[in-house]
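Asks: Following this line is run_21.tsv, made up of TSV, C-alpha atoms:
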chain	number	residue	atom	x	y	z
Q	1290	MET	CA	0.55	35.05	-4.37
Q	1291	PRO	CA	3.38	32.49	-4.04
Q	1292	ARG	CA	3.25	29.49	-6.34
Q	1293	LYS	CA	3.02	27.02	-3.42
Q	1294	VAL	CA	-0.11	28.71	-2.10
Q	1295	ARG	CA	-1.67	28.82	-5.56
Q	1296	GLU	CA	-0.98	25.13	-6.10
Q	1297	GLN	CA	-2.65	24.21	-2.84
Q	1298	GLN	CA	-5.71	26.26	-3.82
Q	1299	ILE	CA	-5.93	24.44	-7.14
Q	1300	ILE	CA	-5.54	21.06	-5.40
Q	1301	ASP	CA	-8.25	21.98	-2.86
Q	1302	VAL	CA	-10.71	22.60	-5.67
Q	1303	ALA	CA	-9.54	19.64	-7.74
Q	1304	VAL	CA	-10.03	17.10	-4.92
Q	1305	GLY	CA	-13.66	18.19	-4.67
Q	1306	ILE	CA	-14.27	18.02	-8.42
Q	1307	PHE	CA	-12.50	14.67	-8.93
Q	1308	ALA	CA	-14.46	13.20	-6.01
Q	1309	LYS	CA	-17.75	14.56	-7.36
Q	1310	ARG	CA	-17.41	13.78	-11.05
Q	1311	GLY	CA	-14.77	11.04	-11.28
Q	1312	TYR	CA	-11.50	11.34	-13.16
Q	1313	HIS	CA	-12.84	11.11	-16.71
Q	1314	ALA	CA	-15.79	13.47	-16.32
Q	1315	ALA	CA	-13.86	16.06	-14.28
Q	1316	SER	CA	-12.90	19.08	-16.37
Q	1317	VAL	CA	-9.77	21.18	-15.91
Q	1318	ASP	CA	-11.84	24.17	-17.14
Q	1319	GLU	CA	-14.20	23.82	-14.21
Q	1320	ILE	CA	-11.34	23.35	-11.73
Q	1321	ALA	CA	-9.52	26.43	-13.06
Q	1322	GLU	CA	-12.68	28.53	-12.93
Q	1323	LEU	CA	-13.56	27.50	-9.36
Q	1324	ALA	CA	-9.96	28.09	-8.25
Q	1325	GLY	CA	-10.10	31.55	-9.83
Q	1326	ILE	CA	-7.05	30.91	-12.00
Q	1327	SER	CA	-6.54	30.60	-15.75
Q	1328	LYS	CA	-6.42	27.16	-17.35
Q	1329	PRO	CA	-2.92	27.70	-18.87
Q	1330	MET	CA	-1.72	28.56	-15.36
Q	1331	VAL	CA	-3.13	25.26	-14.02
Q	1332	TYR	CA	-1.18	23.41	-16.74
Q	1333	LEU	CA	1.94	25.48	-16.03
Q	1334	TYR	CA	1.80	24.51	-12.34
Q	1335	LEU	CA	0.52	20.93	-12.45
Q	1336	ASP	CA	1.48	19.92	-15.99
Q	1337	SER	CA	-1.65	17.98	-17.09
Q	1338	LYS	CA	-4.95	16.60	-15.85
Q	1339	GLU	CA	-3.05	13.49	-14.78
Q	1340	GLY	CA	-0.42	15.62	-13.02
Q	1341	LEU	CA	-3.19	17.46	-11.19
Q	1342	PHE	CA	-4.81	14.20	-10.13
Q	1343	LEU	CA	-1.46	12.79	-8.95
Q	1344	ALA	CA	-0.88	15.95	-6.88
Q	1345	CYS	CA	-4.32	15.44	-5.28
Q	1346	LEU	CA	-3.63	11.77	-4.58
Q	1347	ARG	CA	-0.23	12.45	-3.03
Q	1348	ARG	CA	-1.37	15.34	-0.86
Q	1349	GLU	CA	-4.42	13.54	0.50
Q	1350	ALA	CA	-2.39	10.36	1.15
Q	1351	GLU	CA	0.21	12.41	3.06
Q	1352	ARG	CA	-2.51	14.07	5.13
Q	1353	LEU	CA	-4.14	10.76	5.98
Q	1354	VAL	CA	-0.85	9.13	6.98
Q	1355	ALA	CA	0.16	12.23	8.98
Q	1356	ALA	CA	-3.16	12.20	10.87
Q	1357	PHE	CA	-2.64	8.53	11.74
Q	1358	GLN	CA	1.03	9.03	12.74
Q	1359	GLU	CA	0.45	12.09	14.91
Q	1360	ALA	CA	-2.43	10.50	16.78
Q	1361	ALA	CA	-0.49	7.27	17.32
Q	1362	ARG	CA	2.62	9.10	18.53
Q	1363	GLY	CA	0.64	11.24	20.94
Q	1364	ALA	CA	-1.03	8.24	22.58
Q	1365	GLY	CA	1.69	7.04	24.95
Q	1366	ALA	CA	3.68	3.86	24.93
Q	1367	ALA	CA	1.20	0.96	24.85
Q	1368	PRO	CA	0.92	-0.39	21.27
Q	1369	GLU	CA	-2.81	-1.08	21.56
Q	1370	LEU	CA	-3.50	2.50	22.69
Q	1371	ARG	CA	-1.39	3.82	19.81
Q	1372	LEU	CA	-3.27	1.59	17.39
Q	1373	TYR	CA	-6.57	2.76	18.85
Q	1374	ALA	CA	-5.56	6.42	18.53
Q	1375	GLY	CA	-4.30	5.91	14.97
Q	1376	LEU	CA	-7.47	4.12	13.88
Q	1377	SER	CA	-9.61	6.81	15.54
Q	1378	ALA	CA	-7.71	9.46	13.60
Q	1379	PHE	CA	-8.19	7.47	10.39
Q	1380	PHE	CA	-11.96	7.22	10.81
Q	1381	ALA	CA	-12.17	10.87	11.90
Q	1382	PHE	CA	-10.20	11.90	8.81
Q	1383	VAL	CA	-12.31	9.96	6.31
Q	1384	THR	CA	-15.49	11.23	7.97
Q	1385	ALA	CA	-14.35	14.86	7.85
Q	1386	HIS	CA	-12.67	14.61	4.42
Q	1387	ARG	CA	-15.08	12.54	2.39
Q	1388	ASP	CA	-13.70	13.90	-0.89
Q	1389	SER	CA	-10.13	12.94	-0.01
Q	1390	TRP	CA	-11.28	9.41	0.66
Q	1391	VAL	CA	-13.15	9.15	-2.62
Q	1392	VAL	CA	-10.06	10.35	-4.52
Q	1393	LEU	CA	-7.80	7.94	-2.63
Q	1394	HIS	CA	-10.01	4.92	-2.64
Q	1395	ARG	CA	-12.66	4.97	-5.31
Q	1396	GLN	CA	-10.74	6.15	-8.31
Q	1397	ALA	CA	-9.52	3.55	-10.73
Q	1398	SER	CA	-5.97	2.39	-10.36
Q	1399	GLU	CA	-6.50	1.45	-14.00
Q	1400	LEU	CA	-6.49	5.12	-15.08
Q	1401	SER	CA	-2.76	5.11	-15.84
Q	1402	GLU	CA	0.46	3.44	-14.72
Q	1403	ALA	CA	1.49	6.58	-12.86
Q	1404	ILE	CA	-1.82	6.76	-10.99
Q	1405	ALA	CA	-1.74	3.04	-10.17
Q	1406	ALA	CA	1.79	3.51	-8.79
Q	1407	ALA	CA	0.72	6.51	-6.68
Q	1408	VAL	CA	-2.26	4.60	-5.26
Q	1409	ALA	CA	-0.03	1.61	-4.44
Q	1410	GLU	CA	2.52	3.90	-2.80
Q	1411	ALA	CA	-0.16	5.57	-0.64
Q	1412	ARG	CA	-1.37	2.17	0.48
Q	1413	ARG	CA	2.16	1.00	1.28
Q	1414	ALA	CA	2.70	4.07	3.49
Q	1415	VAL	CA	-0.46	3.39	5.51
Q	1416	MET	CA	0.38	-0.32	5.71
Q	1417	ALA	CA	3.90	0.41	6.99
Q	1418	GLU	CA	2.55	2.58	9.81
Q	1419	VAL	CA	0.04	-0.02	10.93
Q	1420	ALA	CA	2.51	-2.92	10.59
Q	1421	GLY	CA	4.97	-0.97	12.76
Q	1422	LEU	CA	2.45	-0.75	15.59
Q	1423	ILE	CA	1.61	-4.44	15.31
Q	1424	ARG	CA	5.31	-5.31	15.35
Q	1425	ASP	CA	5.70	-3.32	18.54
Q	1426	GLY	CA	2.79	-5.25	20.01
Q	1427	ILE	CA	4.43	-8.56	19.08
Q	1428	THR	CA	7.78	-7.46	20.53
Q	1429	GLU	CA	6.28	-6.23	23.78
Q	1430	SER	CA	4.20	-9.37	24.19
Q	1431	GLY	CA	7.42	-11.35	24.33
Q	1432	ARG	CA	6.19	-13.56	21.48
Q	1433	GLY	CA	8.82	-12.26	19.08
Q	1434	ALA	CA	10.32	-15.72	18.66
Q	1435	ARG	CA	7.06	-17.23	17.45
Q	1436	LEU	CA	5.53	-14.28	15.58
Q	1437	GLY	CA	7.52	-12.06	13.27
Q	1438	GLY	CA	7.47	-9.39	10.61
Q	1439	GLN	CA	5.36	-11.47	8.26
Q	1440	ASP	CA	2.70	-11.82	10.94
Q	1441	ALA	CA	2.71	-8.07	11.52
Q	1442	ASP	CA	2.32	-7.49	7.80
Q	1443	PHE	CA	-0.54	-10.00	7.60
Q	1444	VAL	CA	-2.41	-8.32	10.46
Q	1445	ALA	CA	-1.76	-4.88	8.97
Q	1446	HIS	CA	-3.30	-5.96	5.65
Q	1447	ALA	CA	-6.35	-7.40	7.42
Q	1448	LEU	CA	-6.79	-4.27	9.56
Q	1449	VAL	CA	-6.35	-1.78	6.73
Q	1450	GLY	CA	-8.73	-3.77	4.53
Q	1451	ALA	CA	-11.27	-3.87	7.36
Q	1452	ALA	CA	-10.91	-0.11	7.89
Q	1453	ASP	CA	-11.43	0.56	4.15
Q	1454	SER	CA	-14.56	-1.54	4.08
Q	1455	LEU	CA	-15.91	-0.02	7.32
Q	1456	THR	CA	-15.54	3.44	5.80
Q	1457	ASP	CA	-18.18	2.36	3.28
Q	1458	TRP	CA	-20.26	0.99	6.13
Q	1459	MET	CA	-20.06	4.35	7.94
Q	1460	GLU	CA	-21.47	6.08	4.87
Q	1461	HIS	CA	-24.68	4.13	5.42
Q	1462	HIS	CA	-24.62	4.65	9.19
Q	1463	PRO	CA	-23.99	8.38	9.56
Q	1464	GLY	CA	-25.08	8.27	13.21
Q	1465	GLN	CA	-21.98	6.22	14.11
Q	1466	SER	CA	-19.09	8.34	15.36
Q	1467	PRO	CA	-15.50	7.59	14.32
Q	1468	GLU	CA	-14.77	6.74	17.96
Q	1469	ALA	CA	-17.61	4.21	18.15
Q	1470	VAL	CA	-16.46	2.53	14.94
Q	1471	THR	CA	-12.85	2.38	16.18
Q	1472	LEU	CA	-13.93	0.88	19.48
Q	1473	ARG	CA	-15.94	-1.84	17.74
Q	1474	LEU	CA	-13.05	-2.66	15.42
Q	1475	MET	CA	-10.58	-2.78	18.33
Q	1476	ASN	CA	-12.94	-5.08	20.20
Q	1477	MET	CA	-13.25	-7.34	17.21
Q	1478	VAL	CA	-9.57	-7.45	16.33
Q	1479	TRP	CA	-7.47	-6.54	19.31
Q	1480	VAL	CA	-9.12	-8.87	21.78
Q	1481	GLY	CA	-8.39	-11.73	19.37
Q	1482	MET	CA	-4.87	-10.51	18.65
Q	1483	ARG	CA	-4.06	-10.31	22.32
Q	1484	ASP	CA	-5.25	-13.88	22.85
Q	1485	VAL	CA	-3.21	-15.04	19.87
Q	1486	LEU	CA	-0.17	-13.19	21.26
Q	1487	ASP	CA	-0.86	-14.97	24.53
Q	1488	GLY	CA	-0.48	-18.25	22.67
Q	1489	GLU	CA	-4.09	-19.22	22.12
Q	1490	ALA	CA	-4.81	-20.90	18.79
Q	1491	TRP	CA	-8.07	-21.51	16.98
Q	1492	LEU	CA	-8.29	-24.72	14.99
Q	1493	PRO	CA	-11.16	-25.87	12.79
Q	1494	GLU	CA	-11.57	-28.98	14.91
Q	1495	GLY	CA	-12.84	-26.62	17.60
H	1237	MET	CA	-23.36	-24.78	-30.91
H	1238	PRO	CA	-26.11	-23.40	-28.60
H	1239	ARG	CA	-26.02	-19.69	-27.81
H	1240	LYS	CA	-25.56	-20.31	-24.06
H	1241	VAL	CA	-22.41	-22.33	-24.66
H	1242	ARG	CA	-21.06	-19.73	-27.09
H	1243	GLU	CA	-21.69	-16.93	-24.60
H	1244	GLN	CA	-19.80	-18.77	-21.88
H	1245	GLN	CA	-16.85	-19.27	-24.24
H	1246	ILE	CA	-16.78	-15.55	-25.04
H	1247	ILE	CA	-16.98	-14.68	-21.34
H	1248	ASP	CA	-14.15	-17.13	-20.54
H	1249	VAL	CA	-11.88	-15.33	-22.98
H	1250	ALA	CA	-13.09	-11.85	-22.02
H	1251	VAL	CA	-12.37	-12.33	-18.29
H	1252	GLY	CA	-8.76	-13.13	-19.18
H	1253	ILE	CA	-8.36	-10.16	-21.51
H	1254	PHE	CA	-10.06	-7.63	-19.22
H	1255	ALA	CA	-7.88	-8.82	-16.33
H	1256	LYS	CA	-4.72	-8.61	-18.43
H	1257	ARG	CA	-5.28	-5.32	-20.23
H	1258	GLY	CA	-7.83	-3.42	-18.14
H	1259	TYR	CA	-11.22	-2.28	-19.39
H	1260	HIS	CA	-10.10	0.59	-21.59
H	1261	ALA	CA	-7.20	-1.15	-23.30
H	1262	ALA	CA	-9.08	-4.44	-23.83
H	1263	SER	CA	-10.26	-4.87	-27.40
H	1264	VAL	CA	-13.39	-6.68	-28.52
H	1265	ASP	CA	-11.49	-7.65	-31.70
H	1266	GLU	CA	-8.94	-9.57	-29.66
H	1267	ILE	CA	-11.64	-11.22	-27.54
H	1268	ALA	CA	-13.62	-12.27	-30.64
H	1269	GLU	CA	-10.53	-13.66	-32.31
H	1270	LEU	CA	-9.40	-15.66	-29.26
H	1271	ALA	CA	-12.94	-16.98	-28.78
H	1272	GLY	CA	-13.00	-18.05	-32.43
H	1273	ILE	CA	-16.15	-16.06	-33.18
H	1274	SER	CA	-16.87	-13.03	-35.35
H	1275	LYS	CA	-16.98	-9.58	-33.79
H	1276	PRO	CA	-20.58	-8.87	-34.95
H	1277	MET	CA	-21.60	-12.13	-33.25
H	1278	VAL	CA	-20.04	-10.93	-29.98
H	1279	TYR	CA	-22.08	-7.72	-30.23
H	1280	LEU	CA	-25.20	-9.69	-31.13
H	1281	TYR	CA	-24.82	-11.85	-28.03
H	1282	LEU	CA	-23.44	-9.40	-25.45
H	1283	ASP	CA	-24.58	-6.08	-26.95
H	1284	SER	CA	-21.47	-3.92	-26.39
H	1285	LYS	CA	-18.06	-3.86	-24.72
H	1286	GLU	CA	-19.80	-2.69	-21.55
H	1287	GLY	CA	-22.38	-5.48	-21.86
H	1288	LEU	CA	-19.57	-7.99	-22.25
H	1289	PHE	CA	-17.79	-6.63	-19.17
H	1290	LEU	CA	-21.04	-6.70	-17.15
H	1291	ALA	CA	-21.58	-10.33	-18.15
H	1292	CYS	CA	-18.04	-11.12	-16.94
H	1293	LEU	CA	-18.58	-9.28	-13.65
H	1294	ARG	CA	-21.92	-10.99	-12.97
H	1295	ARG	CA	-20.73	-14.49	-13.82
H	1296	GLU	CA	-17.55	-14.26	-11.74
H	1297	ALA	CA	-19.45	-12.74	-8.79
H	1298	GLU	CA	-21.99	-15.57	-8.94
H	1299	ARG	CA	-19.20	-18.16	-9.02
H	1300	LEU	CA	-17.43	-16.59	-6.05
H	1301	VAL	CA	-20.61	-16.39	-3.97
H	1302	ALA	CA	-21.59	-19.95	-4.96
H	1303	ALA	CA	-18.16	-21.27	-3.90
H	1304	PHE	CA	-18.52	-19.53	-0.52
H	1305	GLN	CA	-22.13	-20.72	-0.03
H	1306	GLU	CA	-21.51	-24.34	-0.97
H	1307	ALA	CA	-18.49	-24.63	1.29
H	1308	ALA	CA	-20.29	-22.98	4.21
H	1309	ARG	CA	-23.39	-25.18	3.78
H	1310	GLY	CA	-21.32	-28.34	3.63
H	1311	ALA	CA	-19.48	-27.60	6.87
H	1312	GLY	CA	-22.04	-28.66	9.45
H	1313	ALA	CA	-23.92	-26.61	11.99
H	1314	ALA	CA	-21.35	-24.60	13.98
H	1315	PRO	CA	-21.24	-21.02	12.63
H	1316	GLU	CA	-17.48	-20.67	13.12
H	1317	LEU	CA	-16.84	-23.85	11.12
H	1318	ARG	CA	-19.15	-22.60	8.37
H	1319	LEU	CA	-17.35	-19.25	8.36
H	1320	TYR	CA	-14.00	-21.03	8.23
H	1321	ALA	CA	-15.14	-23.21	5.32
H	1322	GLY	CA	-16.59	-20.21	3.47
H	1323	LEU	CA	-13.44	-18.14	3.91
H	1324	SER	CA	-11.28	-21.10	2.83
H	1325	ALA	CA	-13.37	-21.41	-0.31
H	1326	PHE	CA	-13.03	-17.66	-0.94
H	1327	PHE	CA	-9.23	-17.73	-0.69
H	1328	ALA	CA	-9.03	-20.92	-2.75
H	1329	PHE	CA	-11.23	-19.31	-5.44
H	1330	VAL	CA	-9.23	-16.09	-5.72
H	1331	THR	CA	-5.99	-18.09	-5.79
H	1332	ALA	CA	-7.22	-20.39	-8.55
H	1333	HIS	CA	-9.09	-17.69	-10.49
H	1334	ARG	CA	-6.76	-14.73	-10.39
H	1335	ASP	CA	-8.37	-13.17	-13.48
H	1336	SER	CA	-11.85	-13.32	-11.96
H	1337	TRP	CA	-10.58	-11.48	-8.93
H	1338	VAL	CA	-8.91	-8.78	-10.98
H	1339	VAL	CA	-12.12	-8.21	-12.93
H	1340	LEU	CA	-14.22	-8.14	-9.75
H	1341	HIS	CA	-11.93	-6.08	-7.59
H	1342	ARG	CA	-9.43	-4.05	-9.52
H	1343	GLN	CA	-11.55	-2.58	-12.25
H	1344	ALA	CA	-12.84	0.92	-11.78
H	1345	SER	CA	-16.34	1.29	-10.47
H	1346	GLU	CA	-15.99	4.68	-12.17
H	1347	LEU	CA	-16.18	3.09	-15.63
H	1348	SER	CA	-19.95	3.57	-15.90
H	1349	GLU	CA	-23.06	3.73	-13.73
H	1350	ALA	CA	-24.07	0.24	-14.83
H	1351	ILE	CA	-20.65	-1.20	-13.94
H	1352	ALA	CA	-20.59	0.59	-10.59
H	1353	ALA	CA	-24.04	-0.83	-9.84
H	1354	ALA	CA	-22.93	-4.36	-10.79
H	1355	VAL	CA	-19.81	-4.10	-8.60
H	1356	ALA	CA	-21.91	-2.83	-5.68
H	1357	GLU	CA	-24.42	-5.64	-6.19
H	1358	ALA	CA	-21.69	-8.29	-6.21
H	1359	ARG	CA	-20.29	-6.89	-2.98
H	1360	ARG	CA	-23.74	-6.83	-1.38
H	1361	ALA	CA	-24.24	-10.51	-2.22
H	1362	VAL	CA	-20.93	-11.51	-0.57
H	1363	MET	CA	-21.66	-9.27	2.43
H	1364	ALA	CA	-25.13	-10.80	2.91
H	1365	GLU	CA	-23.66	-14.32	3.02
H	1366	VAL	CA	-21.01	-13.39	5.58
H	1367	ALA	CA	-23.42	-11.31	7.68
H	1368	GLY	CA	-25.80	-14.30	7.77
H	1369	LEU	CA	-23.11	-16.53	9.29
H	1370	ILE	CA	-22.18	-13.86	11.85
H	1371	ARG	CA	-25.86	-13.41	12.75
H	1372	ASP	CA	-26.13	-17.16	13.36
H	1373	GLY	CA	-23.08	-16.92	15.60
H	1374	ILE	CA	-24.67	-14.11	17.61
H	1375	THR	CA	-27.97	-15.99	17.92
H	1376	GLU	CA	-26.30	-19.24	19.02
H	1377	SER	CA	-24.10	-17.44	21.52
H	1378	GLY	CA	-27.26	-16.32	23.32
H	1379	ARG	CA	-26.12	-12.70	23.02
H	1380	GLY	CA	-28.97	-11.81	20.65
H	1381	ALA	CA	-30.35	-9.25	23.08
H	1382	ARG	CA	-27.12	-7.26	23.26
H	1383	LEU	CA	-25.81	-7.75	19.72
H	1384	GLY	CA	-28.00	-7.49	16.66
H	1385	GLY	CA	-28.19	-7.24	12.89
H	1386	GLN	CA	-26.15	-4.04	12.82
H	1387	ASP	CA	-23.32	-5.76	14.66
H	1388	ALA	CA	-23.40	-8.66	12.21
H	1389	ASP	CA	-23.26	-6.19	9.32
H	1390	PHE	CA	-20.34	-4.35	10.91
H	1391	VAL	CA	-18.36	-7.56	11.40
H	1392	ALA	CA	-19.19	-8.70	7.86
H	1393	HIS	CA	-17.83	-5.45	6.43
H	1394	ALA	CA	-14.64	-5.75	8.47
H	1395	LEU	CA	-14.16	-9.40	7.49
H	1396	VAL	CA	-14.84	-8.91	3.78
H	1397	GLY	CA	-12.53	-5.88	3.71
H	1398	ALA	CA	-9.83	-7.88	5.47
H	1399	ALA	CA	-10.26	-10.76	3.00
H	1400	ASP	CA	-9.99	-8.35	0.02
H	1401	SER	CA	-6.81	-6.85	1.37
H	1402	LEU	CA	-5.31	-10.24	2.26
H	1403	THR	CA	-5.87	-11.37	-1.32
H	1404	ASP	CA	-3.35	-8.67	-2.31
H	1405	TRP	CA	-1.05	-9.86	0.47
H	1406	MET	CA	-1.24	-13.44	-0.89
H	1407	GLU	CA	-0.06	-12.21	-4.28
H	1408	HIS	CA	3.23	-11.26	-2.63
H	1409	HIS	CA	3.38	-14.45	-0.57
H	1410	PRO	CA	2.67	-17.19	-3.12
H	1411	GLY	CA	3.96	-19.86	-0.73
H	1412	GLN	CA	1.00	-19.30	1.60
H	1413	SER	CA	-1.86	-21.70	0.97
H	1414	PRO	CA	-5.49	-20.53	1.08
H	1415	GLU	CA	-5.97	-22.75	4.14
H	1416	ALA	CA	-3.07	-21.16	6.01
H	1417	VAL	CA	-4.37	-17.66	5.26
H	1418	THR	CA	-7.87	-18.60	6.40
H	1419	LEU	CA	-6.55	-20.09	9.61
H	1420	ARG	CA	-4.59	-16.94	10.42
H	1421	LEU	CA	-7.59	-14.73	9.71
H	1422	MET	CA	-9.85	-16.92	11.84
H	1423	ASN	CA	-7.32	-16.77	14.65
H	1424	MET	CA	-7.14	-13.02	14.38
H	1425	VAL	CA	-10.85	-12.37	14.12
H	1426	TRP	CA	-12.80	-15.29	15.49
H	1427	VAL	CA	-10.94	-15.60	18.77
H	1428	GLY	CA	-11.73	-11.91	19.38
H	1429	MET	CA	-15.32	-12.24	18.22
H	1430	ARG	CA	-15.90	-15.18	20.50
H	1431	ASP	CA	-14.60	-13.23	23.48
H	1432	VAL	CA	-16.79	-10.27	22.55
H	1433	LEU	CA	-19.78	-12.62	22.22
H	1434	ASP	CA	-18.85	-13.91	25.66
H	1435	GLY	CA	-19.26	-10.38	26.96
H	1436	GLU	CA	-15.66	-9.22	27.12
H	1437	ALA	CA	-15.10	-5.58	26.18
H	1438	TRP	CA	-11.95	-3.72	25.26
H	1439	LEU	CA	-11.78	-0.09	26.38
H	1440	PRO	CA	-9.00	2.43	25.64
H	1441	GLU	CA	-8.42	2.88	29.37
H	1442	GLY	CA	-6.96	-0.65	29.20
Would you mind writing the file out in structure tokens?
Replies:
Amino acid sequence: MPRKVREQQIIDVAVGIFAKRGYHAASVDEIAELAGISKPMVYLYLDSKEGLFLACLRREAERLVAAFQEAARGAGAAPELRLYAGLSAFFAFVTAHRDSWVVLHRQASELSEAIAAAVAEARRAVMAEVAGLIRDGITESGRGARLGGQDADFVAHALVGAADSLTDWMEHHPGQSPEAVTLRLMNMVWVGMRDVLDGEAWLPEG
Amino acid sequence: MPRKVREQQIIDVAVGIFAKRGYHAASVDEIAELAGISKPMVYLYLDSKEGLFLACLRREAERLVAAFQEAARGAGAAPELRLYAGLSAFFAFVTAHRDSWVVLHRQASELSEAIAAAVAEARRAVMAEVAGLIRDGITESGRGARLGGQDADFVAHALVGAADSLTDWMEHHPGQSPEAVTLRLMNMVWVGMRDVLDGEAWLPEG
């Protein structure tokens, strides 16, 4: 069996074990056994427990970003429809791949410098995708002079943070479909965004 | 010096060290030395390194929730003004108490069951405050029949997640005041919420 295929098999098992037991309690012995491969072979391929975890992090982050990108690209030209499709794909992914989400989101960025850097990089990739769609929305609204890249980045942070937190919410509301959650989030955020793009401003004076 | 005062001094030092070094690398020796107290005394008062960390988590969570509550209560009757005041207080707190935020947010909930439970409890307390303000907004809008407690909880999760994520954003934009960040978030979220409360719905068909 080619090395690439073997590696993916090991990572498949490892994502499940890391999600279930956490980084510290996860054992490479158990991962090797479940993957049907010897422990020295796991170390030969992935270098160390940390190397194995980093491979899991990177693969799951790539899959999540790819799901978002593909859905957004396939959704036509309107930025809000692309954002809707991307967010739908995000919520569908985290619902279908619970273990990936736990590895990406719940594990400590404190574990090591390398892991913290990989987590930060994964987040930057998601943020860049979302910020790109917001920027398109700003450009197409004709408000480009008043709102710029920093605004897009601000909105992207708010949206990604909201999506993270709503993934926890979904865990306690298993009856809610990814589409329903996306629609509620779009209603909460996009309707306001559109009004802001149209020049409406909220001030504490009312 | 009374025990209560001593404990607070130890916690003051410990929050700084845990934030700076992370849970694993933090040393009780260093904390004891900086607090000007013997290590056995630290263990006598706070039981263990985990006990010390839990005391830090609980105290900083209480302070954060209290800052939000007090600001919201002092801001009059209109739910959106209370939400604005509460969010302002949140962003002002995390700006002024960077270490508290790192301890509350960045540390691994994987560290132990007790720490995970304390982190979850802190988050629940913040969520309950925010959800309460949203519920008031729904009630006062007269939309109580169509929108309910689940909607308030959904919006609270989205808002708290957005605020978490924007705290990271602020770290990279130190020129942005807590007030400016709050105003942008209110513009993004409240304008949309108000329209949704008014019965407007966004659908992917456009």
Asks: In Å, how far is it from CA of Arg1294 (chain H) to CA of Ser1336 (chain H)?
Replies: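 Separation of CA of Arg1294 (chain H) and CA of Ser1336 (chain H): 10.4 Å.
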Asks: Excluding Ala1407 (chain Q) and any residue of its chain fewer than 4 positions from it, enumerate the residues within 9 Å of it, using all atoms listed in the file, and give them as an MDAnalysis selection string.
Replies: chainID Q and resid 1343 1346:1347 1398 1402:1403 1411:1412
Asks: List as an MDAnalysis selection string the protein and nucleic acid residues near Val1470 (chain Q), meaning an atom at most 10 Å away when all atoms listed in the file are counted, but skip any in the same chain fewer than 6 places from it.
Replies: (chainID Q and resid 1376:1377 1380:1381 1452 1455:1456 1458:1459 1476) or (chainID H and resid 1390)
Asks: Please report the interatomic distance between CA of Ile1320 (chain Q) and CA of His1394 (chain Q) in Å with one decimal.
Replies: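 So the answer is 20.6 Å.
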Asks: Give me, please, the distance in Å between CA of Leu1400 (chain Q) and CA of Thr1331 (chain H), quoted to one decimal.
Replies: 25.0 Å
Asks: Determine, counting only C-alpha atoms, which protein, DNA and RNA residues have an atom within 9 Å of an atom of region 1301-1317 of chain Q; residues of the same chain fewer than 2 positions away are not included. Present the result as a ChimeraX atom specification.
Replies: /Q:1296-1299,1319-1324,1328,1331-1332,1337-1339,1341-1342,1345-1346,1349,1387-1392,1395-1397,1400 /H:1346-1347
Asks: Please provide the set of residues having any atom within 12 Å of region 1306-1314 of chain H, restricted to all atoms listed in the file, with same-chain residues fewer than 5 positions apart removed, written as a list in words.
Replies: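 Here the answer would be Pro1493, Glu1494 and Gly1495 of chain Q; Glu1298, Arg1299, Leu1300, Val1301, Leu1319, Tyr1320, Ala1321, Gly1322, Leu1323, Ser1324, Ala1325, Phe1326, Phe1327, Ala1328, Phe1329, Glu1365, Val1366, Gly1368, Leu1369, Ile1370, Asp1372, Gly1373, Ile1374, Thr1375, Glu1376 and Ser1377 of chain H.
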Asks: Find the residues around Met1363 (chain H) up to 7 Å (all atoms listed in the file counted), leave out those fewer than 5 positions away in its own chain, and share them as an MDAnalysis selection string.
Replies: chainID H and resid 1392:1393 1396
Asks: I need the chosen residues saved as a CSV table (one decimal), in the coordinates of the input, with C-alpha atoms.
Replies:
chain,number,residue,atom,x,y,z
H,1392,ALA,CA,-19.2,-8.7,7.9
H,1393,HIS,CA,-17.8,-5.4,6.4
H,1396,VAL,CA,-14.8,-8.9,3.8
Asks: Build an axis-aligned box that encloses every atom of region 1362-1372 of chain Q listed in the file, pad it by 3 Å on each side, and report its centre and edge lengths in Å to one decimal, as AutoDock Vina command-line options.
Replies:
--center_x 0.1 --center_y 5.1 --center_z 21.2 --size_x 13.2 --size_y 18.3 --size_z 13.6
Asks: For Met1477 (chain Q), which residue among H:Val1391, H:Pro1410, H:Ala1297, H:Gly1384 is the nearest when counting all atoms listed in the file?
Replies: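 Nearest candidate to Met1477 (chain Q) out of H:Val1391, H:Pro1410, H:Ala1297, H:Gly1384: H:Val1391.
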